Amino acid sequence: MKEVVPGSRKRSERKKIVIVAMTGRMLMDFVGPADVFTTANIFLRHLDISEGYDVQIASPTAEKKVTTGAGADILCQISAINIRSRIDTLIISNYESHESSAELFDPFYSWLSGRNEKNTRRIASVCAGAFALAKAGLINNRKVTTHWGLNEKLQKSYPQLSVDTNPFFVKDGHIYTSGGVSSGIDLALAMVEEDFGKEVAIQVARELVVYLYRPGYQSQFASLLPSPESSGLSQKLRIWVMAHMQETLDVRRIAEHMNMSPRNFTRVFHKQTGSSPAKFVEKVRVEQARKLLEDTDNSLENIAEMCGFGGLSSLRRTFLRLLMTTPSDYRRVFRKALRDAGLGEHYPLNIIHHSETD
């Protein structure tokens with residue numbers, strides 16, 4: 001990464017950032033990255049660097065208004081389909097997939113498919129925006145990520161992709177994809193570091209009170225179990241496993257409870273869930289352990305016993321394999337932070353003192 005030396009460059013050129021707000025369902029998808037780039041401008045001015053970012057939030061259609069679910073509509077200054085000039089960084093936030101709106105978005109996908117390395121230095125997505133890039137044919141045969149809850153859908157819809165929802169963001173050539181919602185901030189910070197060096201990116205992260213490099217992986221946020229609607233058999237088994245968690249639950253014992261032969265039960269269960277009964281039981285145990293780590297002060301040894309792991313070493317190995325973190329680290333990150341840290345007052349963290357206005 002480049003390191004910026006104060007006063008080392010004074011160029012008037014600004015990098016054109018276009019963030020397309022595909023929907024207004026999640027404001028952070030497009031507002032979060034925009035805040036990162038505009039905050040970077042403030043610190044660049046302090047370093048006497050006139051080069052920075054020209055940030056535009058664009059609508060994907062001729063209608064420049066983006067309706068949100070937050071009680072405020074966004075009136076964009078520009079529609080993406082009217083942009084003909086070179087773009088430094090194009091970010092597609094989220095994705096509009098409703099069939100009723102498909103025809104309305106056709107001009108946008110046609111415009112997007114014409115964006116490439118010759119007219120756009122970086123092309124990126126936030127959350128479900130990876131679907132838009134895939135629909136426009138921009139990420140064929142690339143490594144990508146998206147929200148952890150959409151990985152199977154993206155992979156099945158576009159089998160030519162290599163989808164990995166562990167990282168918060170992935171770079172493959174000039175294509176950048178990021179995970180769920182706040183991962184757009186992680187990606188934008190990485191772009192600032194790429195453009196102006198680590199020190200500037202650190203200052204932006206401090207001002208926004210976020211990590212420059214967020215610890216962990218998306219898998220730590222993901223639910224390991226199928227949704228309640230996905231399989232009646234899995235939900236019946238989940239309830240029963242929760243009631244017998246400290247017992248030995250092999251396939252024979254489970255099949256007997258379901259009044260099925262072990263072989264038939266294993267076949268039917270795998271067909272409905274895509275998982276073996278043993279792996280499913282393991283995930284139920286992990287989900288319960290997560291809840292206890294988040295909500296109680298029980299010792300790790302006690303949690304391991306309550307959830308049927310047999311011991312702390314088994315709990316730790318399973319967490320590392322499925323969640324890529326240890327039980328103690330998971331507890332530190334996901335439990336009630338203010339209560340556990342004993343913070344009873346707000347400490348002002350604004351580090352910017354200036355009279356200029358954007």
# chains A, B, ... in the order shown; residues from 1 in each chain; ligands from 1

$ select_by_dssp --residues "range 54-269 of chain A" --states "alpha helix (DSSP H)" --output "NGL selection string"
:A and (102-113 or 129-135 or 151-157 or 183-196 or 198-208 or 232-243 or 251-257 or 262-269)

$ residues_around --residues "range 163-176 of chain A" --least-positions-apart "4" --cutoff "10 Å" --atoms "only C-alpha atoms" --output "PyMOL selection string"
chain A and resi 89-91+116-117+120-127+130+133+138-139+142-152+154-156+158-159+180-188+190-191+213-222+323-324

$ residues_around --residues "Ile17 in chain A" --least-positions-apart "6" --cutoff "7 Å" --atoms "only C-alpha atoms" --output "list in words"
Tyr53, Asp54, Val55, Gln56, Ile87, Asp88, Thr89 and Leu90 of chain A

$ atom_distance --atom1 "CA of Gln272 in chain A" --atom2 "CA of Ser162 in chain A"
24.2 Å

$ residues_around --residues "range 25-28 of chain A" --least-positions-apart "4" --cutoff "6 Å" --atoms "only C-alpha atoms" --output "VMD selection string"
chain A and resid 32 68 to 69

$ residues_around --residues "Leu212 in chain A" --least-positions-apart "2" --cutoff "7 Å" --atoms "only C-alpha atoms" --output "ChimeraX atom specification"
/A:189,202,205,210,214

$ write_last_selection --atoms "N, CA and C atoms" --output "tab-separated table (two decimals), in the first residue's frame"
chain	number	residue	atom	x	y	z
A	189	LEU	N	-12.83	1.25	3.07
A	189	LEU	CA	-11.60	1.56	3.80
A	189	LEU	C	-10.39	0.94	3.11
A	202	ILE	N	-6.40	4.67	8.37
A	202	ILE	CA	-6.52	4.55	9.82
A	202	ILE	C	-7.27	5.75	10.40
A	205	ALA	N	-10.94	5.38	9.69
A	205	ALA	CA	-11.53	4.34	10.54
A	205	ALA	C	-11.73	4.85	11.96
A	210	VAL	N	-14.70	2.57	13.62
A	210	VAL	CA	-14.78	1.21	13.10
A	210	VAL	C	-13.37	0.64	13.00
A	214	ARG	N	-11.36	-5.47	10.24
A	214	ARG	CA	-12.28	-6.08	11.19
A	214	ARG	C	-11.86	-7.52	11.50

$ residues_around --residues "Ile254 in chain A" --least-positions-apart "5" --cutoff "9 Å" --atoms "only C-alpha atoms" --output "PyMOL selection string"
chain A and resi 237+241+249+259-260+262+265+277

$ write_last_selection --atoms "C-alpha atoms" --output "PDB file, in the first residue's frame"
ATOM      1  CA  LEU A 237     -35.117 -33.031  14.779  1.00  0.00           C
ATOM      2  CA  VAL A 241     -31.925 -32.570  19.836  1.00  0.00           C
ATOM      3  CA  LEU A 249     -27.030 -38.853  19.605  1.00  0.00           C
ATOM      4  CA  ASN A 259     -39.582 -44.381  13.574  1.00  0.00           C
ATOM      5  CA  MET A 260     -37.345 -44.970  10.576  1.00  0.00           C
ATOM      6  CA  PRO A 262     -31.018 -45.619  10.034  1.00  0.00           C
ATOM      7  CA  PHE A 265     -33.584 -41.793   7.670  1.00  0.00           C
ATOM      8  CA  PRO A 277     -27.719 -36.193  10.579  1.00  0.00           C
TER       9      PRO A 277
END

$ closest_residue --among "A:Ala243, A:Leu233, A:Ile57, A:Ile49" --to "Lys16 in chain A" --atoms "only C-alpha atoms"
A:Ile57

$ residues_around --residues "Phe319 in chain A" --least-positions-apart "6" --cutoff "9 Å" --atoms "only C-alpha atoms" --output "list in words"
Val286, Thr325, Thr326, Pro327 and Tyr330 of chain A

$ select_by_dssp --residues "range 112-151 of chain A" --states "strand (DSSP E)" --output "list in words"
Thr120, Arg121, Arg122, Ile123, Ala124, Ser125, Val126, Lys143 and Val144 of chain A
